[in-house]
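One file, coords_23.tsv, is given below (TSV, C-alpha atoms).
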chain	number	residue	atom	x	y	z
W	1	MET	CA	218.39	33.23	123.79
W	2	PHE	CA	217.95	37.00	124.00
W	3	ASP	CA	219.68	39.86	122.21
W	4	THR	CA	219.62	42.39	125.03
W	5	ASP	CA	220.56	45.21	122.63
W	6	ASP	CA	217.14	44.85	121.08
W	7	ALA	CA	214.28	46.67	122.82
W	8	LYS	CA	211.75	43.91	122.14
W	9	ASP	CA	214.07	41.26	123.57
W	10	ARG	CA	214.76	43.37	126.65
W	11	VAL	CA	211.02	43.57	127.38
W	12	LEU	CA	210.76	39.82	126.95
W	13	HIS	CA	213.74	39.20	129.21
W	14	GLU	CA	212.31	41.45	131.92
W	15	LEU	CA	208.92	39.73	131.75
W	16	ILE	CA	210.31	36.23	132.14
W	17	GLY	CA	212.76	37.43	134.77
W	18	GLU	CA	209.82	38.42	136.98
W	19	VAL	CA	208.89	34.76	137.46
W	20	GLU	CA	210.63	33.75	140.68
W	21	ALA	CA	210.90	29.96	140.67
W	22	PRO	CA	213.74	27.45	140.86
W	23	GLY	CA	212.91	26.28	137.35
W	24	LEU	CA	210.94	27.70	134.44
W	25	ALA	CA	210.17	26.55	130.89
W	26	VAL	CA	208.29	28.75	128.41
W	27	ALA	CA	207.44	28.15	124.76
W	28	ILE	CA	205.56	29.95	121.99
W	29	CYS	CA	203.83	27.77	119.44
W	30	GLY	CA	201.87	27.95	116.22
W	31	ARG	CA	199.55	25.42	114.64
W	32	ASN	CA	202.47	23.16	113.73
W	33	GLY	CA	204.46	23.22	116.95
W	34	ILE	CA	207.15	25.19	118.81
W	35	LEU	CA	208.32	28.50	117.36
W	36	TRP	CA	210.40	29.84	120.27
W	37	HIS	CA	211.35	28.57	123.70
W	38	HIS	CA	213.27	29.48	126.83
W	39	ALA	CA	214.22	27.36	129.85
W	40	ARG	CA	216.19	28.24	132.93
W	41	GLY	CA	216.98	27.03	136.42
W	42	HIS	CA	216.82	23.55	137.88
W	43	ALA	CA	214.33	20.74	138.09
W	44	ASP	CA	216.34	19.54	141.07
W	45	ALA	CA	218.89	22.02	142.41
W	46	GLU	CA	220.45	19.50	144.81
W	47	ARG	CA	221.47	17.27	141.91
W	48	SER	CA	221.95	20.18	139.46
W	49	VAL	CA	219.39	18.77	137.01
W	50	PRO	CA	218.62	21.61	134.56
W	51	VAL	CA	215.15	22.42	133.27
W	52	ASP	CA	214.49	21.87	129.58
W	53	LEU	CA	211.42	21.48	127.35
W	54	ASP	CA	211.08	17.82	128.33
W	55	THR	CA	211.10	18.42	132.10
W	56	PRO	CA	207.71	17.37	133.54
W	57	PHE	CA	205.94	19.70	135.99
W	58	GLY	CA	202.61	19.53	137.77
W	59	THR	CA	200.12	21.33	135.50
W	60	GLY	CA	197.39	21.82	138.11
W	61	SER	CA	194.05	22.92	136.72
W	62	ILE	CA	195.18	22.72	133.09
W	63	THR	CA	194.17	19.10	133.72
W	64	LYS	CA	190.56	20.29	133.54
W	65	THR	CA	190.92	20.96	129.80
W	66	PHE	CA	191.70	17.25	129.30
W	67	THR	CA	188.78	16.19	131.50
W	68	ALA	CA	186.46	18.39	129.43
W	69	ALA	CA	187.88	16.94	126.21
W	70	ALA	CA	187.17	13.42	127.51
W	71	ILE	CA	183.52	14.33	128.12
W	72	LEU	CA	183.29	15.80	124.61
W	73	ALA	CA	184.87	12.66	123.15
W	74	LEU	CA	182.25	10.51	124.87
W	75	ARG	CA	179.54	12.85	123.56
W	76	ASP	CA	180.92	12.52	120.02
W	77	ASP	CA	180.89	8.73	120.44
W	78	GLY	CA	177.17	8.88	121.28
W	79	ILE	CA	177.69	7.66	124.84
W	80	LEU	CA	176.35	10.74	126.64
W	81	LYS	CA	174.83	14.20	126.07
W	82	LEU	CA	176.11	17.48	127.48
W	83	ASP	CA	172.66	18.59	128.62
W	84	GLU	CA	171.72	15.37	130.36
W	85	PRO	CA	171.31	15.47	134.16
W	86	LEU	CA	174.34	14.49	136.22
W	87	VAL	CA	172.28	11.83	138.04
W	88	GLU	CA	172.16	9.76	134.85
W	89	SER	CA	175.86	9.05	135.30
W	90	ILE	CA	176.14	9.53	139.06
W	91	PRO	CA	172.92	8.48	140.86
W	92	GLU	CA	174.60	9.47	144.14
W	93	ALA	CA	174.22	13.11	143.01
W	94	ALA	CA	170.52	12.82	143.89
W	95	ALA	CA	171.66	13.43	147.49
W	96	LEU	CA	172.66	17.02	146.66
W	97	ARG	CA	170.45	19.61	148.36
W	98	TYR	CA	169.44	22.28	145.86
W	99	PRO	CA	169.05	25.85	147.16
W	100	THR	CA	165.48	26.22	145.86
W	101	LYS	CA	162.66	23.83	145.03
W	102	ASP	CA	162.50	25.13	141.47
W	103	SER	CA	166.23	24.65	140.74
W	104	ALA	CA	167.01	22.97	137.44
W	105	PRO	CA	168.97	19.71	137.77
W	106	ILE	CA	172.73	19.90	137.36
W	107	THR	CA	173.79	18.87	133.85
W	108	LEU	CA	177.18	17.93	132.46
W	109	ARG	CA	177.28	21.27	130.63
W	110	HIS	CA	176.79	23.07	133.95
W	111	LEU	CA	179.84	21.26	135.34
W	112	LEU	CA	181.95	21.96	132.26
W	113	THR	CA	181.17	25.69	132.40
W	114	HIS	CA	181.35	26.09	136.21
W	115	THR	CA	177.65	27.05	136.34
W	116	SER	CA	176.47	24.09	138.43
W	117	GLY	CA	176.14	26.07	141.65
W	118	LEU	CA	178.50	23.66	143.40
W	119	PRO	CA	181.16	25.17	145.68
W	120	ARG	CA	184.85	25.23	144.84
W	121	GLY	CA	185.58	22.15	146.92
W	122	VAL	CA	184.87	20.22	150.10
W	123	ARG	CA	187.54	21.58	152.43
W	124	ASP	CA	185.93	20.21	155.55
W	125	LEU	CA	186.24	16.69	154.15
W	126	ARG	CA	189.90	17.21	153.25
W	127	GLY	CA	190.62	18.51	156.75
W	128	GLU	CA	188.79	15.60	158.32
W	129	LEU	CA	190.73	13.01	156.29
W	130	HIS	CA	194.08	14.89	156.25
W	131	ARG	CA	194.31	13.98	152.55
W	132	GLU	CA	192.29	14.23	149.37
W	133	PRO	CA	189.19	11.99	149.38
W	134	ASN	CA	188.83	9.02	147.06
W	135	ASP	CA	185.83	8.73	144.74
W	136	ASP	CA	183.66	6.80	147.18
W	137	GLU	CA	184.39	9.24	150.01
W	138	LEU	CA	183.63	12.21	147.79
W	139	LEU	CA	180.31	10.77	146.61
W	140	ALA	CA	179.29	9.86	150.16
W	141	HIS	CA	179.87	13.50	151.12
W	142	LEU	CA	177.54	14.99	148.48
W	143	ALA	CA	174.58	15.11	150.87
W	144	SER	CA	176.58	17.53	153.04
W	145	VAL	CA	177.55	19.88	150.20
W	146	ARG	CA	176.08	23.38	150.43
W	147	MET	CA	175.33	24.66	146.94
W	148	ALA	CA	176.14	28.32	146.32
W	149	ARG	CA	173.20	28.94	143.95
W	150	ALA	CA	170.79	27.23	141.60
W	151	PRO	CA	172.38	25.62	138.53
W	152	GLY	CA	172.62	27.78	135.42
W	153	VAL	CA	172.21	31.10	137.23
W	154	ASP	CA	175.85	32.26	137.39
W	155	ASP	CA	179.36	30.87	137.33
W	156	GLU	CA	181.12	29.61	140.45
W	157	TYR	CA	184.51	27.97	139.86
W	158	SER	CA	184.20	24.43	141.14
W	159	ASN	CA	186.94	21.85	141.54
W	160	LEU	CA	184.27	19.56	142.96
W	161	GLY	CA	182.38	19.79	139.67
W	162	PHE	CA	185.38	18.57	137.67
W	163	ALA	CA	186.06	15.78	140.16
W	164	LEU	CA	182.52	14.60	139.41
W	165	LEU	CA	183.18	14.87	135.66
W	166	GLY	CA	186.16	12.56	136.13
W	167	ILE	CA	183.84	9.99	137.72
W	168	VAL	CA	181.47	10.41	134.76
W	169	VAL	CA	184.36	9.71	132.35
W	170	ALA	CA	185.25	6.51	134.21
W	171	ARG	CA	181.71	5.23	134.52
W	172	ARG	CA	180.56	6.00	131.00
W	173	SER	CA	183.78	4.88	129.28
W	174	GLY	CA	184.04	1.71	131.34
W	175	GLN	CA	187.70	2.27	132.18
W	176	PRO	CA	189.68	4.27	134.77
W	177	TYR	CA	189.80	8.01	134.14
W	178	ALA	CA	193.60	8.10	133.68
W	179	SER	CA	193.53	5.18	131.23
W	180	PHE	CA	190.86	6.82	129.09
W	181	ILE	CA	192.75	10.13	128.96
W	182	LYS	CA	195.96	8.33	128.00
W	183	GLU	CA	194.42	6.20	125.28
W	184	ARG	CA	192.09	8.81	123.80
W	185	ILE	CA	194.16	12.01	124.11
W	186	LEU	CA	197.75	11.69	125.33
W	187	ASP	CA	198.90	8.80	123.14
W	188	PRO	CA	197.35	10.05	119.86
W	189	LEU	CA	199.02	13.45	120.38
W	190	GLY	CA	202.40	11.95	121.24
W	191	MET	CA	202.36	13.35	124.79
W	192	THR	CA	204.88	10.78	125.96
W	193	THR	CA	206.07	12.48	129.17
W	194	SER	CA	202.53	13.12	130.44
W	195	THR	CA	201.19	11.02	133.29
W	196	PHE	CA	198.87	10.95	136.29
W	197	ALA	CA	201.45	8.86	138.19
W	198	PRO	CA	204.35	11.24	138.89
W	199	GLU	CA	206.34	8.53	140.65
W	200	VAL	CA	207.09	6.94	137.25
W	201	LEU	CA	208.95	10.09	136.18
W	202	GLY	CA	211.70	9.61	138.74
W	203	GLU	CA	214.48	12.17	138.66
W	204	HIS	CA	213.12	13.75	135.48
W	205	LEU	CA	210.22	15.36	137.38
W	206	ALA	CA	210.79	18.94	138.49
W	207	THR	CA	210.79	18.95	142.29
W	208	PRO	CA	207.98	21.13	143.73
W	209	HIS	CA	209.05	24.02	145.94
W	210	LYS	CA	207.09	25.64	148.75
W	211	ASN	CA	207.64	29.05	150.33
W	212	ARG	CA	208.37	28.70	154.03
W	213	ASP	CA	209.06	31.95	155.89
W	214	GLY	CA	210.17	33.63	152.68
W	215	VAL	CA	212.49	30.83	151.59
W	216	LEU	CA	211.69	28.45	148.74
W	217	GLY	CA	212.55	24.87	149.57
W	218	PRO	CA	211.81	21.41	148.12
W	219	ASN	CA	208.44	19.95	148.99
W	220	ARG	CA	206.87	16.51	148.78
W	221	LEU	CA	204.30	15.31	146.27
W	222	TRP	CA	200.85	14.29	147.41
W	223	GLU	CA	198.13	12.01	146.12
W	224	HIS	CA	195.36	13.70	144.12
W	225	ALA	CA	192.87	10.81	144.50
W	226	ALA	CA	189.34	11.96	143.53
W	227	TYR	CA	190.81	15.30	142.42
W	228	THR	CA	193.01	13.72	139.74
W	229	PRO	CA	190.65	15.02	136.99
W	230	VAL	CA	190.94	18.47	138.59
W	231	GLY	CA	194.70	18.91	138.76
W	232	GLY	CA	196.55	15.60	138.59
W	233	LEU	CA	198.30	15.74	135.20
W	234	TYR	CA	202.11	16.00	135.13
W	235	ALA	CA	203.52	17.02	131.76
W	236	SER	CA	206.46	18.68	130.04
W	237	THR	CA	206.32	22.00	128.22
W	238	ARG	CA	206.83	20.17	124.92
W	239	ASP	CA	203.83	17.95	125.64
W	240	VAL	CA	201.51	20.80	126.65
W	241	ILE	CA	202.58	22.63	123.48
W	242	ARG	CA	201.34	19.59	121.54
W	243	TRP	CA	197.97	20.07	123.26
W	244	ILE	CA	197.86	23.80	122.44
W	245	SER	CA	198.97	23.26	118.83
W	246	PHE	CA	196.16	20.72	118.52
W	247	GLN	CA	193.69	23.38	119.72
W	248	LEU	CA	195.04	25.90	117.19
W	249	ALA	CA	194.97	23.38	114.34
W	250	ALA	CA	191.18	23.18	114.62
W	251	TRP	CA	190.97	26.73	113.28
W	252	PRO	CA	189.75	27.90	110.84
W	253	PRO	CA	186.83	25.69	109.72
W	254	ARG	CA	187.79	24.06	106.39
W	255	ASP	CA	187.24	21.17	104.00
W	256	ASP	CA	190.50	19.32	104.74
W	257	PRO	CA	190.17	15.69	105.92
W	258	ASP	CA	189.51	15.56	109.67
W	259	PRO	CA	191.25	12.69	111.51
W	260	ALA	CA	188.66	13.10	114.34
W	261	ARG	CA	191.11	11.77	116.93
W	262	PRO	CA	191.34	12.60	119.69
W	263	LEU	CA	188.48	15.02	118.83
W	264	ARG	CA	186.84	16.38	115.70
W	265	ARG	CA	187.93	19.90	114.73
W	266	ALA	CA	184.36	21.17	115.14
W	267	THR	CA	184.28	19.77	118.69
W	268	VAL	CA	187.56	21.48	119.57
W	269	ARG	CA	186.20	24.81	118.27
W	270	GLU	CA	182.99	24.23	120.24
W	271	SER	CA	185.01	23.97	123.45
W	272	HIS	CA	186.45	27.45	122.79
W	273	ARG	CA	183.03	29.15	122.76
W	274	VAL	CA	181.36	30.51	125.87
W	275	GLY	CA	179.11	27.77	127.17
W	276	GLY	CA	179.92	25.79	124.05
W	277	LEU	CA	176.98	27.65	122.50
W	278	HIS	CA	178.01	31.16	121.51
W	279	ARG	CA	180.55	32.67	119.18
W	280	ILE	CA	184.10	33.14	120.37
W	281	GLY	CA	184.76	36.71	121.42
W	282	ARG	CA	182.64	36.83	124.56
W	283	ARG	CA	184.17	36.73	128.02
W	284	GLY	CA	183.25	33.68	130.04
W	285	LYS	CA	183.65	29.92	130.42
W	286	GLY	CA	183.96	27.60	127.46
W	287	LEU	CA	183.89	23.82	127.80
W	288	GLY	CA	186.91	23.40	130.04
W	289	TRP	CA	188.48	26.69	128.90
W	290	SER	CA	188.14	30.36	129.85
W	291	ILE	CA	187.72	33.05	127.20
W	292	LYS	CA	188.76	36.69	127.26
W	293	ALA	CA	188.16	39.23	124.53
W	294	ASP	CA	190.60	41.95	125.56
W	295	SER	CA	193.87	40.82	123.98
W	296	PRO	CA	195.66	43.23	121.61
W	297	LEU	CA	195.70	40.29	119.19
W	298	GLY	CA	192.07	39.27	119.65
W	299	GLU	CA	190.34	36.64	121.77
W	300	ILE	CA	192.33	34.59	124.27
W	301	VAL	CA	191.38	31.03	125.16
W	302	TRP	CA	193.27	30.07	128.29
W	303	HIS	CA	193.66	28.14	131.53
W	304	ASN	CA	196.08	28.40	134.41
W	305	GLY	CA	197.00	25.96	137.12
W	306	GLY	CA	198.52	25.99	140.57
W	307	LEU	CA	199.29	23.27	143.07
W	308	PRO	CA	199.95	24.32	146.69
W	309	MET	CA	202.66	21.66	146.91
W	310	GLY	CA	204.71	23.94	144.61
W	311	TYR	CA	203.83	24.14	140.91
W	312	ALA	CA	202.33	26.81	138.64
W	313	ALA	CA	201.30	26.59	135.00
W	314	PHE	CA	199.74	28.79	132.36
W	315	CYS	CA	198.64	28.14	128.79
W	316	ALA	CA	196.79	30.36	126.33
W	317	PHE	CA	196.21	30.73	122.63
W	318	GLU	CA	194.59	33.07	120.12
W	319	PRO	CA	192.85	31.02	117.42
W	320	THR	CA	192.56	33.74	114.77
W	321	VAL	CA	196.25	34.62	114.80
W	322	GLY	CA	197.29	31.05	115.50
W	323	VAL	CA	199.72	31.66	118.35
W	324	GLY	CA	199.91	29.94	121.74
W	325	LEU	CA	201.96	29.95	124.93
W	326	VAL	CA	202.86	27.44	127.63
W	327	ALA	CA	204.74	28.31	130.84
W	328	LEU	CA	205.51	25.80	133.61
W	329	THR	CA	207.34	26.32	136.93
W	330	ASN	CA	208.16	24.35	140.08
W	331	ALA	CA	206.95	26.98	142.57
W	332	LEU	CA	203.49	28.42	143.18
W	333	VAL	CA	203.81	31.84	141.52
W	334	ASP	CA	201.41	34.12	139.67
W	335	MET	CA	201.36	33.85	135.89
W	336	ASP	CA	198.63	35.63	133.97
W	337	ASP	CA	197.55	36.77	130.51
W	338	ARG	CA	200.07	39.63	130.56
W	339	MET	CA	202.73	37.06	129.75
W	340	PHE	CA	200.68	35.76	126.83
W	341	LYS	CA	200.01	39.24	125.46
W	342	THR	CA	203.68	40.17	125.54
W	343	LEU	CA	204.92	36.92	124.04
W	344	ALA	CA	202.16	36.81	121.42
W	345	LYS	CA	202.97	40.32	120.23
W	346	TYR	CA	206.64	39.33	120.22
W	347	ALA	CA	205.87	36.32	118.00
W	348	VAL	CA	203.98	38.48	115.51
W	349	SER	CA	206.64	41.22	115.49
W	350	ARG	CA	209.37	38.65	114.82
W	351	GLY	CA	207.39	37.08	112.01
W	352	LEU	CA	207.06	33.77	113.88
W	353	VAL	CA	203.33	33.80	113.14
W	354	GLU	CA	201.18	35.77	110.74
W	355	ASP	CA	198.53	38.12	112.09
W	356	ARG	CA	195.57	36.74	110.15
W	357	ARG	CA	193.11	39.31	111.44
W	358	ARG	CA	194.11	41.67	108.65

Let me see the structure of the file written as structure tokens.
Amino acid sequence: MFDTDDAKDRVLHELIGEVEAPGLAVAICGRNGILWHHARGHADAERSVPVDLDTPFGTGSITKTFTAAAILALRDDGILKLDEPLVESIPEAAALRYPTKDSAPITLRHLLTHTSGLPRGVRDLRGELHREPNDDELLAHLASVRMARAPGVDDEYSNLGFALLGIVVARRSGQPYASFIKERILDPLGMTTSTFAPEVLGEHLATPHKNRDGVLGPNRLWEHAAYTPVGGLYASTRDVIRWISFQLAAWPPRDDPDPARPLRRATVRESHRVGGLHRIGRRGKGLGWSIKADSPLGEIVWHNGGLPMGYAAFCAFEPTVGVGLVALTNALVDMDDRMFKTLAKYAVSRGLVEDRRR
């Protein structure tokens, strides 16, 4: 895959070599799909099952980008509004204790942009149950949640907030969260290896690995329950590339026919703006995405994911240039935007994509 006599390829090889995991799959994409890919290691070392582009991994918090897309789809269908109070979908949220009497009510937009003031999670509930709570248990616990700040004041990354958005999707669509995501997003994009039920993947699923006393070893899966909309999607690199290529294909605005499924192009671009309100180029939270403006190629729209059971994931794209990256592993390791910057510059230098900023 690499010509190690070439300086650019040596840099690329060194970068990917830094990821210490039993299995790794990485791909660069453009608006029309995969441009370059690399896979190494094993999905299951005991059975010598190699990793390839169709090996499913746990994607962790990349799931949140699908949850956000589901909310936007329901908005486009006229079923809800982003700035409506959360209690319109979840009356149980009235039990939340706001930090001040003059706090604005939590809206769906607050949840999408991590500005609700809700904490990251409800660890005391998880410890009490020795598992993730189900929807009913989570909702019953809202009265005990201590909010970090008033809604809309500042961002506070909240898994709890996206768990609540998953409940909104189910209640307002009239079908289970996983079914709605499959029918509205996964199936139309041809994401055939993607699922919220990893047991159906059998031996094709990359086995998670956990570090115990400095040694990586196989680990068990666990049930995501109410946190399925937070981090419960299992998908292959090829499938996540389909998702990123779909994001890129929304740019630039144009007169071409818009299939509007799973989302309109304008809605996809809206999700890439800070707060869904401002121009791309500012640092902050979009609608399900994060945005950084310090890439050598321009603005990065990105999300990472990590599951303590033993998965890590990273995806990013630059809409102006039209290049994206997906990296999935079966160990909890750090992957950040440095990988995207290196691979994106590599794609431009190799002529895989055109730098349209010029």

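Residues surrounding stretch 179-186 of chain W within 9 Å are Phe66, Thr67, Ala69, Ala70, Ala73, Val169, Ala170, Ser173, Gly174, Gln175, Gly190, Met191, Thr192, Ser194, Thr195, Asp239, Trp243, Arg261, Pro262 and Leu263 of chain W [only C-alpha atoms; sequence separation below 4 positions excluded].
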
> Can you tell me how far atom CA of W:Val26 sits from atom CA of W:Gly60, in Å to one decimal?
Replying inline: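 These two atoms are separated by 16.2 Å.
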
> So how far away is atom CA of W:Gln247 from atom CA of W:Asp355, in Å?
Replying inline: 17.3 Å

>> What does the structure give for the distance between atom CA of W:Phe162 and atom CA of W:Met309, in Å to one decimal?
In response: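 Separation of atom CA of W:Phe162 and atom CA of W:Met309: 19.8 Å.
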
> If you count all atoms listed in the file, which residues fall within 7 Å of stretch 230-233 of chain W, apart from same-chain ones fewer than 5 positions away, as a VMD selection string?
Replying inline: chain W and resid 58 to 64 159 162 to 163 194 to 196 224

> Which residues, written as a list in words, have at least one atom at most 9 Å from W:Ala225, with only C-alpha atoms counted and residues fewer than 4 positions away on the same chain left out?
Replying inline: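 The residues that qualify are Arg131, Glu132, Pro133, Asn134, Asp135, Pro229 and Gly232 of chain W.
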
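With distances restricted to all atoms listed in the file, W:Tyr177 is the closest residue to W:Leu164 from W:Tyr177, W:Trp289, W:Tyr311, W:Trp251.
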
>> Using only C-alpha atoms, list the residues that have an atom at most 12 Å from (173.0, 19.0, 149.2), coordinates as in the file, as a PyMOL selection string.
In response: chain W and resi 92-100+106+117-119+122+139-150

>> Under the rule that only C-alpha atoms are counted, which of W:Leu221, W:Met339, W:Ile244, W:Leu74 is the nearest residue to W:Val301?
In response: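 Once distances to W:Val301 are computed over only C-alpha atoms, the minimum belongs to W:Ile244.
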
Where atoms are absent from stretch 130-143 of chain W, fill them in so it carries N, CA and C atoms, then output it as a PDB file, in the frame of the given file.
ATOM      1  N   HIS W 130     192.665  14.510 156.343  1.00  0.00           N
ATOM      2  CA  HIS W 130     194.080  14.890 156.250  1.00  0.00           C
ATOM      3  C   HIS W 130     194.703  14.426 154.933  1.00  0.00           C
ATOM      4  N   ARG W 131     193.878  14.350 153.900  1.00  0.00           N
ATOM      5  CA  ARG W 131     194.310  13.980 152.550  1.00  0.00           C
ATOM      6  C   ARG W 131     193.132  14.249 151.611  1.00  0.00           C
ATOM      7  N   GLU W 132     193.384  14.100 150.321  1.00  0.00           N
ATOM      8  CA  GLU W 132     192.290  14.230 149.370  1.00  0.00           C
ATOM      9  C   GLU W 132     191.391  12.997 149.458  1.00  0.00           C
ATOM     10  N   PRO W 133     190.082  13.153 149.324  1.00  0.00           N
ATOM     11  CA  PRO W 133     189.190  11.990 149.380  1.00  0.00           C
ATOM     12  C   PRO W 133     189.301  11.133 148.130  1.00  0.00           C
ATOM     13  N   ASN W 134     188.963   9.851 148.255  1.00  0.00           N
ATOM     14  CA  ASN W 134     188.830   9.020 147.060  1.00  0.00           C
ATOM     15  C   ASN W 134     187.418   9.185 146.500  1.00  0.00           C
ATOM     16  N   ASP W 135     187.134   8.544 145.393  1.00  0.00           N
ATOM     17  CA  ASP W 135     185.830   8.730 144.740  1.00  0.00           C
ATOM     18  C   ASP W 135     184.672   8.375 145.654  1.00  0.00           C
ATOM     19  N   ASP W 136     184.763   7.241 146.316  1.00  0.00           N
ATOM     20  CA  ASP W 136     183.660   6.800 147.180  1.00  0.00           C
ATOM     21  C   ASP W 136     183.441   7.787 148.321  1.00  0.00           C
ATOM     22  N   GLU W 137     184.514   8.273 148.913  1.00  0.00           N
ATOM     23  CA  GLU W 137     184.390   9.240 150.010  1.00  0.00           C
ATOM     24  C   GLU W 137     183.781  10.544 149.525  1.00  0.00           C
ATOM     25  N   LEU W 138     184.175  10.975 148.344  1.00  0.00           N
ATOM     26  CA  LEU W 138     183.630  12.210 147.790  1.00  0.00           C
ATOM     27  C   LEU W 138     182.130  12.072 147.529  1.00  0.00           C
ATOM     28  N   LEU W 139     181.730  10.975 146.924  1.00  0.00           N
ATOM     29  CA  LEU W 139     180.310  10.770 146.610  1.00  0.00           C
ATOM     30  C   LEU W 139     179.476  10.647 147.880  1.00  0.00           C
ATOM     31  N   ALA W 140     180.017  10.002 148.891  1.00  0.00           N
ATOM     32  CA  ALA W 140     179.290   9.860 150.160  1.00  0.00           C
ATOM     33  C   ALA W 140     179.082  11.205 150.840  1.00  0.00           C
ATOM     34  N   HIS W 141     179.914  12.178 150.487  1.00  0.00           N
ATOM     35  CA  HIS W 141     179.870  13.500 151.120  1.00  0.00           C
ATOM     36  C   HIS W 141     178.893  14.452 150.415  1.00  0.00           C
ATOM     37  N   LEU W 142     178.353  14.063 149.260  1.00  0.00           N
ATOM     38  CA  LEU W 142     177.540  14.990 148.480  1.00  0.00           C
ATOM     39  C   LEU W 142     176.316  15.504 149.247  1.00  0.00           C
ATOM     40  N   ALA W 143     175.752  14.682 150.112  1.00  0.00           N
ATOM     41  CA  ALA W 143     174.580  15.110 150.870  1.00  0.00           C
ATOM     42  C   ALA W 143     174.895  16.269 151.807  1.00  0.00           C
TER      43      ALA W 143
END
